Each structure stands twice: as structure tokens, then as C-alpha cells.
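The file coords.cif contains mmCIF, C-alpha atoms; chains and numbers go by the auth columns:
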data_run
#
loop_
_atom_site.group_PDB
_atom_site.id
_atom_site.type_symbol
_atom_site.label_atom_id
_atom_site.label_comp_id
_atom_site.label_asym_id
_atom_site.label_seq_id
_atom_site.Cartn_x
_atom_site.Cartn_y
_atom_site.Cartn_z
_atom_site.B_iso_or_equiv
_atom_site.auth_seq_id
_atom_site.auth_asym_id
ATOM 1 C CA MET A 1 0.000 0.000 0.000 0.00 1 A
ATOM 2 C CA ASN A 2 1.300 3.463 -0.887 0.00 2 A
ATOM 3 C CA ALA A 3 1.661 5.939 1.953 0.00 3 A
ATOM 4 C CA ARG A 4 0.507 8.820 -0.248 0.00 4 A
ATOM 5 C CA GLY A 5 -1.301 9.205 -3.497 0.00 5 A
ATOM 6 C CA ARG A 6 -4.092 10.738 -5.500 0.00 6 A
ATOM 7 C CA ILE A 7 -7.272 8.999 -6.553 0.00 7 A
ATOM 8 C CA PRO A 8 -8.818 10.583 -9.644 0.00 8 A
ATOM 9 C CA GLY A 9 -12.569 10.995 -9.821 0.00 9 A
ATOM 10 C CA ILE A 10 -15.245 12.693 -11.881 0.00 10 A
ATOM 11 C CA ARG A 11 -16.205 14.848 -8.917 0.00 11 A
ATOM 12 C CA ASN A 12 -13.090 16.962 -8.652 0.00 12 A
ATOM 13 C CA GLN A 13 -14.442 20.448 -7.964 0.00 13 A
ATOM 14 C CA HIS A 14 -13.420 20.258 -4.296 0.00 14 A
ATOM 15 C CA GLN A 15 -9.992 19.766 -2.853 0.00 15 A
ATOM 16 C CA VAL A 16 -10.329 16.694 -0.639 0.00 16 A
ATOM 17 C CA LEU A 17 -7.490 15.588 1.623 0.00 17 A
ATOM 18 C CA PHE A 18 -7.912 12.237 3.330 0.00 18 A
ATOM 19 C CA TYR A 19 -5.701 11.553 6.360 0.00 19 A
ATOM 20 C CA ALA A 20 -5.979 7.917 7.398 0.00 20 A
ATOM 21 C CA LEU A 21 -4.404 4.845 8.951 0.00 21 A
ATOM 22 C CA SER A 22 -3.846 1.785 6.782 0.00 22 A
ATOM 23 C CA THR A 23 -5.088 -0.529 9.567 0.00 23 A
ATOM 24 C CA CYS A 24 -8.277 1.351 10.445 0.00 24 A
ATOM 25 C CA ILE A 25 -11.563 -0.048 9.175 0.00 25 A
ATOM 26 C CA TRP A 26 -13.467 3.256 9.577 0.00 26 A
ATOM 27 C CA CYS A 27 -10.785 4.798 7.340 0.00 27 A
ATOM 28 C CA LYS A 28 -11.307 1.977 4.855 0.00 28 A
ATOM 29 C CA ARG A 29 -15.062 2.603 4.853 0.00 29 A
ATOM 30 C CA THR A 30 -14.493 6.317 4.292 0.00 30 A
ATOM 31 C CA ARG A 31 -12.184 5.666 1.364 0.00 31 A
ATOM 32 C CA GLU A 32 -14.695 3.214 -0.131 0.00 32 A
ATOM 33 C CA PHE A 33 -17.390 5.868 0.223 0.00 33 A
ATOM 34 C CA LEU A 34 -15.263 8.469 -1.568 0.00 34 A
ATOM 35 C CA GLU A 35 -14.401 6.053 -4.365 0.00 35 A
ATOM 36 C CA ALA A 36 -17.974 4.799 -4.747 0.00 36 A
ATOM 37 C CA ASN A 37 -19.055 8.415 -5.180 0.00 37 A
ATOM 38 C CA ASN A 38 -16.372 9.147 -7.737 0.00 38 A
ATOM 39 C CA ILE A 39 -14.742 11.836 -5.643 0.00 39 A
ATOM 40 C CA ALA A 40 -11.204 12.883 -6.508 0.00 40 A
ATOM 41 C CA PHE A 41 -8.988 13.011 -3.408 0.00 41 A
ATOM 42 C CA ASP A 42 -5.450 12.936 -2.100 0.00 42 A
ATOM 43 C CA PHE A 43 -4.678 10.414 0.611 0.00 43 A
ATOM 44 C CA VAL A 44 -1.984 10.005 3.265 0.00 44 A
ATOM 45 C CA TYR A 45 -1.654 6.894 5.446 0.00 45 A
ATOM 46 C CA VAL A 46 0.057 8.430 8.429 0.00 46 A
ATOM 47 C CA ASP A 47 0.998 5.093 10.030 0.00 47 A
ATOM 48 C CA LEU A 48 3.082 4.284 6.943 0.00 48 A
ATOM 49 C CA LEU A 49 5.171 7.450 7.298 0.00 49 A
ATOM 50 C CA SER A 50 8.135 7.829 9.614 0.00 50 A
ATOM 51 C CA GLY A 51 10.485 10.405 11.054 0.00 51 A
ATOM 52 C CA THR A 52 10.127 14.082 10.200 0.00 52 A
ATOM 53 C CA GLU A 53 7.709 13.360 7.359 0.00 53 A
ATOM 54 C CA ARG A 54 5.286 11.785 9.819 0.00 54 A
ATOM 55 C CA GLU A 55 5.760 14.597 12.338 0.00 55 A
ATOM 56 C CA ALA A 56 4.957 17.202 9.676 0.00 56 A
ATOM 57 C CA VAL A 57 1.769 15.403 8.630 0.00 57 A
ATOM 58 C CA VAL A 58 0.703 14.887 12.262 0.00 58 A
ATOM 59 C CA GLU A 59 1.036 18.643 12.768 0.00 59 A
ATOM 60 C CA GLN A 60 -1.146 19.263 9.693 0.00 60 A
ATOM 61 C CA VAL A 61 -3.821 16.941 11.091 0.00 61 A
ATOM 62 C CA ARG A 62 -3.575 18.546 14.545 0.00 62 A
ATOM 63 C CA ARG A 63 -4.476 21.934 13.110 0.00 63 A
ATOM 64 C CA TRP A 64 -7.840 20.516 12.015 0.00 64 A
ATOM 65 C CA ASN A 65 -8.327 17.919 14.702 0.00 65 A
ATOM 66 C CA PRO A 66 -6.512 18.459 18.009 0.00 66 A
ATOM 67 C CA SER A 67 -6.989 14.826 19.036 0.00 67 A
ATOM 68 C CA VAL A 68 -5.191 13.695 15.836 0.00 68 A
ATOM 69 C CA SER A 69 -7.676 10.931 15.189 0.00 69 A
ATOM 70 C CA PHE A 70 -8.450 9.171 11.933 0.00 70 A
ATOM 71 C CA PRO A 71 -9.969 9.413 9.428 0.00 71 A
ATOM 72 C CA THR A 72 -9.725 13.191 9.133 0.00 72 A
ATOM 73 C CA LEU A 73 -11.018 14.592 5.879 0.00 73 A
ATOM 74 C CA VAL A 74 -10.092 18.190 5.042 0.00 74 A
ATOM 75 C CA ILE A 75 -12.283 19.803 2.406 0.00 75 A
ATOM 76 C CA ASP A 76 -11.133 22.878 0.479 0.00 76 A
ATOM 77 C CA GLY A 77 -8.757 23.744 3.281 0.00 77 A
ATOM 78 C CA CYS A 78 -11.636 25.122 5.311 0.00 78 A
ATOM 79 C CA ARG A 79 -13.546 22.276 6.890 0.00 79 A
ATOM 80 C CA ALA A 80 -12.655 18.988 8.584 0.00 80 A
ATOM 81 C CA ILE A 81 -14.831 15.906 8.914 0.00 81 A
ATOM 82 C CA ILE A 82 -13.627 13.563 11.625 0.00 82 A
ATOM 83 C CA GLY A 83 -14.567 9.877 11.659 0.00 83 A
ATOM 84 C CA TYR A 84 -16.678 7.934 9.170 0.00 84 A
ATOM 85 C CA ARG A 85 -19.497 10.407 8.440 0.00 85 A
ATOM 86 C CA PRO A 86 -21.021 9.705 5.014 0.00 86 A
ATOM 87 C CA GLU A 87 -23.898 12.180 5.470 0.00 87 A
ATOM 88 C CA GLU A 88 -21.536 14.987 6.425 0.00 88 A
ATOM 89 C CA ILE A 89 -19.336 14.224 3.427 0.00 89 A
ATOM 90 C CA GLN A 90 -22.365 14.265 1.142 0.00 90 A
ATOM 91 C CA GLU A 91 -23.462 17.582 2.552 0.00 91 A
ATOM 92 C CA ALA A 92 -20.010 19.176 2.386 0.00 92 A
ATOM 93 C CA LEU A 93 -19.444 18.069 -1.198 0.00 93 A
ATOM 94 C CA GLY A 94 -22.994 18.763 -2.337 0.00 94 A
ATOM 95 C CA LEU A 95 -23.640 15.144 -3.409 0.00 95 A
ATOM 96 C CA MET B 1 -2.618 -5.113 1.402 0.00 1 B
ATOM 97 C CA SER B 2 -1.363 -7.515 3.999 0.00 2 B
ATOM 98 C CA GLU B 3 0.734 -10.629 4.042 0.00 3 B
ATOM 99 C CA ILE B 4 -1.095 -12.098 7.024 0.00 4 B
ATOM 100 C CA PRO B 5 -2.391 -15.570 6.116 0.00 5 B
ATOM 101 C CA ARG B 6 -6.171 -15.866 6.259 0.00 6 B
ATOM 102 C CA GLU B 7 -6.007 -18.902 8.617 0.00 7 B
ATOM 103 C CA LYS B 8 -4.064 -16.856 11.147 0.00 8 B
ATOM 104 C CA VAL B 9 -6.654 -14.105 11.039 0.00 9 B
ATOM 105 C CA GLU B 10 -9.513 -16.597 11.398 0.00 10 B
ATOM 106 C CA ALA B 11 -7.755 -18.349 14.295 0.00 11 B
ATOM 107 C CA LEU B 12 -7.253 -15.118 16.227 0.00 12 B
ATOM 108 C CA TYR B 13 -10.835 -14.072 15.472 0.00 13 B
ATOM 109 C CA GLN B 14 -12.052 -17.348 16.959 0.00 14 B
ATOM 110 C CA ARG B 15 -9.900 -16.923 20.056 0.00 15 B
ATOM 111 C CA LEU B 16 -11.013 -13.340 20.637 0.00 16 B
ATOM 112 C CA TYR B 17 -14.630 -14.322 20.061 0.00 17 B
ATOM 113 C CA GLU B 18 -14.476 -17.082 22.661 0.00 18 B
ATOM 114 C CA GLU B 19 -12.618 -14.939 25.188 0.00 19 B
ATOM 115 C CA ALA B 20 -15.067 -12.085 24.727 0.00 20 B
ATOM 116 C CA GLU B 21 -18.178 -14.220 25.086 0.00 21 B
ATOM 117 C CA ALA B 22 -16.736 -16.010 28.129 0.00 22 B
ATOM 118 C CA SER B 23 -16.358 -12.732 30.007 0.00 23 B
ATOM 119 C CA GLY B 24 -19.412 -10.713 29.014 0.00 24 B
ATOM 120 C CA TYR B 25 -17.975 -8.857 26.007 0.00 25 B
ATOM 121 C CA HIS B 26 -19.039 -9.144 22.378 0.00 26 B
ATOM 122 C CA LEU B 27 -17.181 -8.860 19.099 0.00 27 B
ATOM 123 C CA ASN B 28 -18.761 -6.834 16.316 0.00 28 B
ATOM 124 C CA PRO B 29 -21.149 -9.260 14.532 0.00 29 B
ATOM 125 C CA ASP B 30 -20.258 -7.703 11.136 0.00 30 B
ATOM 126 C CA LYS B 31 -17.707 -10.401 10.424 0.00 31 B
ATOM 127 C CA GLU B 32 -16.026 -8.727 7.475 0.00 32 B
ATOM 128 C CA PHE B 33 -15.502 -5.573 9.541 0.00 33 B
ATOM 129 C CA THR B 34 -14.219 -7.556 12.514 0.00 34 B
ATOM 130 C CA LEU B 35 -11.895 -9.764 10.474 0.00 35 B
ATOM 131 C CA GLY B 36 -10.422 -6.580 9.018 0.00 36 B
ATOM 132 C CA LEU B 37 -9.626 -5.325 12.503 0.00 37 B
ATOM 133 C CA VAL B 38 -8.233 -8.680 13.628 0.00 38 B
ATOM 134 C CA GLU B 39 -5.964 -8.673 10.587 0.00 39 B
ATOM 135 C CA SER B 40 -4.870 -5.151 11.533 0.00 40 B
ATOM 136 C CA LEU B 41 -4.023 -6.327 15.059 0.00 41 B
ATOM 137 C CA LEU B 42 -1.736 -8.939 13.506 0.00 42 B
ATOM 138 C CA ILE B 43 -0.210 -6.320 11.197 0.00 43 B
ATOM 139 C CA ASN B 44 0.495 -4.136 14.224 0.00 44 B
ATOM 140 C CA GLU B 45 1.885 -7.103 16.142 0.00 45 B
ATOM 141 C CA ALA B 46 4.352 -7.647 13.297 0.00 46 B
ATOM 142 C CA ARG B 47 5.113 -3.915 13.121 0.00 47 B
ATOM 143 C CA TYR B 48 5.398 -3.036 16.780 0.00 48 B
ATOM 144 C CA GLY B 49 5.440 -6.287 18.727 0.00 49 B
ATOM 145 C CA TYR B 50 2.090 -5.623 20.390 0.00 50 B
ATOM 146 C CA TRP B 51 -1.539 -5.136 19.484 0.00 51 B
ATOM 147 C CA ALA B 52 -1.613 -1.380 19.045 0.00 52 B
ATOM 148 C CA CYS B 53 -5.145 -0.135 18.347 0.00 53 B
ATOM 149 C CA PRO B 54 -5.631 -0.321 14.562 0.00 54 B
ATOM 150 C CA CYS B 55 -7.578 2.963 14.517 0.00 55 B
ATOM 151 C CA ARG B 56 -5.085 5.073 16.443 0.00 56 B
ATOM 152 C CA LEU B 57 -1.642 6.280 15.508 0.00 57 B
ATOM 153 C CA ALA B 58 0.844 4.246 17.539 0.00 58 B
ATOM 154 C CA THR B 59 4.329 5.561 18.256 0.00 59 B
ATOM 155 C CA GLY B 60 5.943 2.138 18.278 0.00 60 B
ATOM 156 C CA GLU B 61 7.214 2.771 21.812 0.00 61 B
ATOM 157 C CA LYS B 62 5.323 0.370 24.016 0.00 62 B
ATOM 158 C CA GLN B 63 5.372 2.520 27.140 0.00 63 B
ATOM 159 C CA LYS B 64 3.804 5.446 25.225 0.00 64 B
ATOM 160 C CA ASP B 65 1.224 3.230 23.536 0.00 65 B
ATOM 161 C CA LEU B 66 0.279 1.216 26.632 0.00 66 B
ATOM 162 C CA ASP B 67 -3.217 2.716 26.938 0.00 67 B
ATOM 163 C CA ILE B 68 -4.061 1.869 23.319 0.00 68 B
ATOM 164 C CA ILE B 69 -2.956 -1.756 23.325 0.00 69 B
ATOM 165 C CA CYS B 70 -6.052 -3.778 22.512 0.00 70 B
ATOM 166 C CA PRO B 71 -8.223 -4.050 24.584 0.00 71 B
ATOM 167 C CA CYS B 72 -7.541 -0.377 25.237 0.00 72 B
ATOM 168 C CA ASP B 73 -8.051 1.553 28.475 0.00 73 B
ATOM 169 C CA TYR B 74 -11.055 3.298 26.875 0.00 74 B
ATOM 170 C CA ARG B 75 -13.012 0.306 25.618 0.00 75 B
ATOM 171 C CA ASP B 76 -15.368 -0.185 28.536 0.00 76 B
ATOM 172 C CA ALA B 77 -16.287 3.498 28.852 0.00 77 B
ATOM 173 C CA ASP B 78 -16.942 3.663 25.089 0.00 78 B
ATOM 174 C CA LEU B 79 -19.039 0.487 25.166 0.00 79 B
ATOM 175 C CA LEU B 80 -21.168 2.071 27.869 0.00 80 B
ATOM 176 C CA GLU B 81 -21.535 5.463 26.206 0.00 81 B
ATOM 177 C CA TRP B 82 -21.534 4.579 22.494 0.00 82 B
ATOM 178 C CA GLY B 83 -22.219 0.870 22.308 0.00 83 B
ATOM 179 C CA ALA B 84 -18.862 0.151 20.687 0.00 84 B
ATOM 180 C CA CYS B 85 -15.159 0.590 21.246 0.00 85 B
ATOM 181 C CA TYR B 86 -13.336 3.217 19.196 0.00 86 B
ATOM 182 C CA CYS B 87 -12.441 0.738 16.435 0.00 87 B
ATOM 183 C CA GLY B 88 -15.739 -1.074 16.413 0.00 88 B
ATOM 184 C CA LEU B 89 -14.089 -4.379 17.348 0.00 89 B
ATOM 185 C CA TYR B 90 -16.107 -4.741 20.566 0.00 90 B
ATOM 186 C CA VAL B 91 -19.788 -3.854 20.761 0.00 91 B
ATOM 187 C CA SER B 92 -22.457 -3.699 23.447 0.00 92 B
ATOM 188 C CA GLU B 93 -25.366 -6.077 23.746 0.00 93 B
ATOM 189 C CA GLU B 94 -27.702 -3.447 22.207 0.00 94 B
ATOM 190 C CA VAL B 95 -25.521 -3.157 19.122 0.00 95 B
ATOM 191 C CA LEU B 96 -25.134 -6.941 18.961 0.00 96 B
ATOM 192 C CA ARG B 97 -28.913 -7.313 18.946 0.00 97 B
ATOM 193 C CA GLY B 98 -29.289 -4.630 16.313 0.00 98 B
ATOM 194 C CA GLU B 99 -31.136 -2.299 18.676 0.00 99 B
ATOM 195 C CA ARG B 100 -28.542 0.402 18.363 0.00 100 B
ATOM 196 C CA PRO B 101 -26.597 1.407 15.256 0.00 101 B
ATOM 197 C CA LEU B 102 -22.855 0.920 15.098 0.00 102 B
ATOM 198 C CA GLN B 103 -21.144 4.191 14.333 0.00 103 B
ATOM 199 C CA SER B 104 -17.784 5.874 14.231 0.00 104 B
ATOM 200 C CA ILE B 105 -17.366 7.487 17.670 0.00 105 B
ATOM 201 C CA PRO B 106 -15.365 10.408 19.075 0.00 106 B
ATOM 202 C CA GLU B 107 -11.865 9.862 20.451 0.00 107 B
ATOM 203 C CA ARG B 108 -11.841 9.475 24.228 0.00 108 B
ATOM 204 C CA ARG B 109 -8.081 9.151 24.609 0.00 109 B
ATOM 205 C CA PRO B 110 -6.686 12.264 26.294 0.00 110 B
ATOM 206 C CA PRO B 111 -3.924 14.270 24.624 0.00 111 B
ATOM 207 C CA GLU B 112 -0.273 13.467 25.285 0.00 112 B
ATOM 208 C CA GLY B 113 0.730 14.274 28.833 0.00 113 B
ATOM 209 C CA GLN B 114 -2.658 13.306 30.293 0.00 114 B
ATOM 210 C CA ARG B 115 -2.656 9.608 29.488 0.00 115 B
ATOM 211 C CA PRO B 116 -2.927 6.957 32.217 0.00 116 B
ATOM 212 C CA GLN B 117 0.627 5.633 31.836 0.00 117 B
ATOM 213 C CA GLU B 118 2.007 9.168 31.973 0.00 118 B
ATOM 214 C CA GLN B 119 0.571 9.872 35.418 0.00 119 B
ATOM 215 C CA PRO B 120 2.850 9.409 38.411 0.00 120 B
ATOM 216 C CA ALA B 121 1.970 6.328 40.436 0.00 121 B
ATOM 217 C CA ARG B 122 -0.362 7.652 43.112 0.00 122 B
ATOM 218 C CA ALA B 123 -0.443 6.591 46.682 0.00 123 B
ATOM 219 C CA PRO B 124 -3.659 4.646 47.351 0.00 124 B
ATOM 220 C CA ALA B 125 -6.539 7.010 48.171 0.00 125 B
ATOM 221 C CA VAL B 126 -7.309 5.367 51.482 0.00 126 B
ATOM 222 C CA SER B 127 -4.761 4.244 53.943 0.00 127 B
ATOM 223 C CA VAL B 128 -5.119 0.533 54.432 0.00 128 B
ATOM 224 C CA THR B 129 -1.715 -0.323 55.696 0.00 129 B
ATOM 225 C CA GLU B 130 -3.205 -3.127 57.738 0.00 130 B
ATOM 226 C CA LEU B 131 -4.123 -5.019 54.551 0.00 131 B
ATOM 227 C CA PRO B 132 -2.072 -8.190 54.351 0.00 132 B
ATOM 228 C CA LEU B 133 -1.648 -7.781 50.562 0.00 133 B
ATOM 229 C CA PRO B 134 -1.745 -4.938 48.034 0.00 134 B
ATOM 230 C CA VAL B 135 -4.779 -4.692 45.747 0.00 135 B
ATOM 231 C CA TRP B 136 -4.176 -4.373 42.006 0.00 136 B
ATOM 232 C CA ARG B 137 -6.627 -2.946 39.475 0.00 137 B
ATOM 233 C CA CYS B 138 -6.819 -3.747 35.767 0.00 138 B
ATOM 234 C CA ARG B 139 -7.032 -0.407 33.964 0.00 139 B
ATOM 235 C CA VAL B 140 -8.915 -2.019 31.093 0.00 140 B
ATOM 236 C CA CYS B 141 -11.820 -3.712 32.852 0.00 141 B
ATOM 237 C CA GLY B 142 -11.535 -2.764 36.527 0.00 142 B
ATOM 238 C CA TYR B 143 -10.832 -6.283 37.814 0.00 143 B
ATOM 239 C CA LEU B 144 -9.376 -6.185 41.328 0.00 144 B
ATOM 240 C CA CYS B 145 -7.202 -8.756 43.028 0.00 145 B
ATOM 241 C CA ALA B 146 -5.256 -8.893 46.285 0.00 146 B
ATOM 242 C CA ARG B 147 -1.858 -10.525 45.815 0.00 147 B
ATOM 243 C CA GLU B 148 1.851 -9.707 45.905 0.00 148 B
ATOM 244 C CA GLN B 149 1.993 -8.912 42.180 0.00 149 B
ATOM 245 C CA PRO B 150 -0.677 -8.468 39.507 0.00 150 B
ATOM 246 C CA PRO B 151 -1.420 -11.563 37.405 0.00 151 B
ATOM 247 C CA ALA B 152 0.436 -12.083 34.106 0.00 152 B
ATOM 248 C CA VAL B 153 -2.872 -11.822 32.255 0.00 153 B
ATOM 249 C CA CYS B 154 -6.146 -10.346 33.503 0.00 154 B
ATOM 250 C CA PRO B 155 -8.519 -13.309 33.952 0.00 155 B
ATOM 251 C CA ILE B 156 -11.448 -11.151 32.808 0.00 156 B
ATOM 252 C CA CYS B 157 -10.285 -9.133 29.803 0.00 157 B
ATOM 253 C CA LYS B 158 -6.895 -10.758 29.058 0.00 158 B
ATOM 254 C CA ALA B 159 -4.956 -7.492 29.326 0.00 159 B
ATOM 255 C CA LYS B 160 -1.324 -8.125 30.271 0.00 160 B
ATOM 256 C CA ARG B 161 0.331 -7.430 33.626 0.00 161 B
ATOM 257 C CA ASP B 162 1.661 -4.009 32.587 0.00 162 B
ATOM 258 C CA ARG B 163 -1.944 -2.715 32.379 0.00 163 B
ATOM 259 C CA PHE B 164 -2.450 -3.125 36.147 0.00 164 B
ATOM 260 C CA GLU B 165 -2.087 -0.345 38.697 0.00 165 B
ATOM 261 C CA ARG B 166 -1.832 -0.424 42.466 0.00 166 B
ATOM 262 C CA PHE B 167 -5.317 0.294 43.811 0.00 167 B
ATOM 263 C CA LEU B 168 -4.982 -0.233 47.572 0.00 168 B
#

Could the structure of this file be written out as C-alpha cells, please?
Amino acid sequence: MNARGRIPGIRNQHQVLFYALSTCIWCKRTREFLEANNIAFDFVYVDLLSGTEREAVVEQVRRWNPSVSFPTLVIDGCRAIIGYRPEEIQEALGL
Amino acid sequence: MSEIPREKVEALYQRLYEEAEASGYHLNPDKEFTLGLVESLLINEARYGYWACPCRLATGEKQKDLDIICPCDYRDADLLEWGACYCGLYVSEEVLRGERPLQSIPERRPPEGQRPQEQPARAPAVSVTELPLPVWRCRVCGYLCAREQPPAVCPICKAKRDRFERFL
């Protein structure tokens, strides 16, 4: 599994950043939801990073979610959705 | 994504299922979901040497991750409040019976610096110096026992000795 990447999708009008853990099933469900809805997003599996790269990403997540929990979805750099929340994602992305 | 053989995952699932049912806990009845988490426990065992919670970011330093080794210190409080542990591996009877939905729940773990293993060992709240033996408490399930040292494994929730604290 890649630690970082971009998933292309037809729905690409929003910038969607998906911070996740590769072992977390709620993260897996969230990713499946995004893919099933054809949403373009960038992903980072924080547990697969190490050293200063991981520290930097953890700090990014902390800005949106002080408890640094996963999944954390950052939409258009202005809103975070924490946990597996399909309805909130739908609402935020206008699905 | 993983190299964990399916039989190993199934075997651990079976063991956890039996242990849970024997002591009043329940695994998530959504087997695909639960097998995914069991596989993740084995991935984390290979990565870190212990069952770090699959849904939390482990440091890889056991002492720092002690409160999130499965079953975590927060499981029982989350089962009571939300009907499931943070990962959704363990569920309450209501969720098991389908009377309450399983959902992704908020993080209960306190921020760094406020976690159970980071607190200085406190003197017992009441002075019971006349007790013939110290009393140890399992931080995961609350099991108490009076003996020289805590047991190697909690007989109720199977947490290891390092999850016990001096209670009296």
C-alpha cells in the first residue's frame, strides 16, 4: 500500500485531503465511500510514514483535529470531517 | 494489502470471540468488519510487537502506547456510552442485537501528557496499611485482586500485567 497518493474521480471540484491509517476499518469505509461516489482526493496513510515526514503530517492533522484521530477529511482547506461520516461528506461536497 | 495468512486471522478471530463471550464482552457481529480489525491487530503485532489499536496512531514505543494496546483503556467506557469501542471491534449487547446502530465514535483518549501511563503512580486514596496484601486494578476492565503482584494476564479481559495499577 502506498503511503501517499491521489485517486482521480469525476467529482473533482473540491480539494479533498484524506488523512488515514492503513489498519483502520473506519478509514477503509471512508475511502470506499469516496471512491464509490467518484470523488477525486489525495490520501496520506500516516501510520506508513516515519520520522520528520510523519511529524509534519501529524502537525497538519492537529491543526484541524486536536486529538489527531483518523480518518480526518479536510475539504477545500476550510472544513474537517472527523470519523466515518457519510452524510456529512455528502453535505459538504454537495452530493 | 497484507501478508497475514487468512487462517491466522480466522484463528485469532475465533480466540477473541471465545474470550469475549466467556467474560461478558461481544465482538462486532459484522464479520467482514471484525476480520479486518483482527488482521490489523496482527499487522500491528508484526510492526510493533504488540496489538496497538488499529484505529489510532501508535508511536511504536510500548510505554507510550500502553493505553491503546487492545483491549484499550477506553473500551469499557466507550461500550457504555456509544455501544462500541473506538475501532468497532467490541460492541455492546444493544448493538449486537441490532437495537442500536454501530457508528464511528469520538476519540476518548486524552492528549499526550494526560494519558494513564504518563501519570505518576499515586499513593492509594485510602490508607489501608493493615491489609495483608496490596490490591491491584486492571485499567482495562476494573478487575481487582489482592496478591503480591498483579497476574500475568487479567482473567477477565486478558490485558497483560503491565496494564495493572496499584489500587490499595

When distances are computed from all atoms listed in the file, which of B:Cys72, B:Leu89, B:Cys141, B:Leu57 shows the smallest separation from chain A?
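Looking only at the distances to chain A, the closest residue turns out to be B:Leu57.
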
Give as a VMD selection string the residues that the PyMOL selection byres ((chain B) within 8 of (chain A)) matches when applied to the coordinates above.
chain B and resid 1 33 36 to 37 40 43 54 to 58 87 103 to 107 110 to 111

Any idea what's packed within 6 Å of Tyr19 of chain A, counting all atoms listed in the file, ignoring anything in its chain fewer than 2 positions away? Could you give it as a VMD selection string?
chain A and resid 43 to 44 71 to 72

Calculated over all atoms listed in the file, which of the candidates B:Ala52, B:Ile156, B:Leu66, B:Leu79 has the smallest distance to Ala22 of chain B?
B:Ile156

List the neighbours of Trp136 of chain B out to 8 Å using all atoms listed in the file; skip same-chain residues closer than 4 positions along the sequence, and give me the result as a PyMOL selection string.
chain B and resi 144-147+149-150+164-168

Find the residues around Arg163 of chain B up to 7 Å (all atoms listed in the file counted), leave out those fewer than 3 positions away in its own chain, and share them as a list in words.
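In the requested format, the answer is Cys138, Arg139, Ala159 and Lys160 of chain B.
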
Return the single residue from A:Ala36, A:Leu93, A:Val74, A:Val61 that is closest to His14 of chain A, with distances computed using only C-alpha atoms.
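Smallest distance to His14 of chain A is found for A:Leu93.
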
Could you tell me which residues the PyMOL selection byres ((chain A and resi 95) around 12) grabs in this file, written as a ChimeraX atom specification?
/A:11-14,33-34,36-39,86-94

With the file shown as input, list the residues that the PyMOL selection byres ((chain A and resi 7) around 6) selects, as a ChimeraX atom specification.
/A:6,8,40-41

Would you work out the distance separating atom CA of Pro5 of chain B from atom CA of Ile68 of chain B, expressed in Å to one decimal?
24.6 Å

Around segment 58-76 of chain A, with edges along x, y and z and 8 Å added on all six sides, what centre and edge lengths do you get, in Å to one decimal, as AutoDock Vina command-line options?
--center_x -5.6 --center_y 16.0 --center_z 9.8 --size_x 29.3 --size_y 29.7 --size_z 34.6

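Between Tyr48 of chain B and the residues B:Leu133, B:Val9, B:Leu35, B:Ile69, the shortest atom-to-atom distance, using all atoms listed in the file, involves B:Ile69.
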
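Note that atom CA of Asp73 of chain B and atom CA of Asp162 of chain B are 11.9 Å apart.
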
Between atom CA of Glu7 of chain B and atom CA of Gly88 of chain B, distance in Å (one decimal)
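Computing it gives 21.8 Å between the two atoms.
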
Quick one: everything within 9 Å of segment 27-30 of chain B, counting only C-alpha atoms, minus sequence neighbours fewer than 3 positions away in the same chain. Send it as a short mmCIF file (atom, residue, chain, number, x, y, z; two decimals) with C-alpha atoms, in the coordinates of the input.
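Output below, filename around22.cif:
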data_model
loop_
_atom_site.label_atom_id
_atom_site.label_comp_id
_atom_site.auth_asym_id
_atom_site.auth_seq_id
_atom_site.Cartn_x
_atom_site.Cartn_y
_atom_site.Cartn_z
CA TYR B 13 -10.84 -14.07 15.47
CA LEU B 16 -11.01 -13.34 20.64
CA TYR B 17 -14.63 -14.32 20.06
CA ALA B 20 -15.07 -12.08 24.73
CA GLU B 21 -18.18 -14.22 25.09
CA PHE B 33 -15.50 -5.57 9.54
CA THR B 34 -14.22 -7.56 12.51
CA LEU B 35 -11.90 -9.76 10.47
CA ALA B 84 -18.86 0.15 20.69
CA GLY B 88 -15.74 -1.07 16.41
CA LEU B 89 -14.09 -4.38 17.35
CA TYR B 90 -16.11 -4.74 20.57
CA VAL B 91 -19.79 -3.85 20.76
CA SER B 92 -22.46 -3.70 23.45
CA VAL B 95 -25.52 -3.16 19.12
CA LEU B 96 -25.13 -6.94 18.96
CA LEU B 102 -22.86 0.92 15.10
#

Can you tell me, as a CSV table (one decimal) with C-alpha atoms, in the coordinates of the input, what residues are no more than 8 Å from segment 116-119 of chain B when counting all atoms listed in the file, ignoring any on the same chain fewer than 3 positions away?
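What landed in result.csv:
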chain,number,residue,atom,x,y,z
B,63,GLN,CA,5.4,2.5,27.1
B,64,LYS,CA,3.8,5.4,25.2
B,66,LEU,CA,0.3,1.2,26.6
B,67,ASP,CA,-3.2,2.7,26.9
B,113,GLY,CA,0.7,14.3,28.8
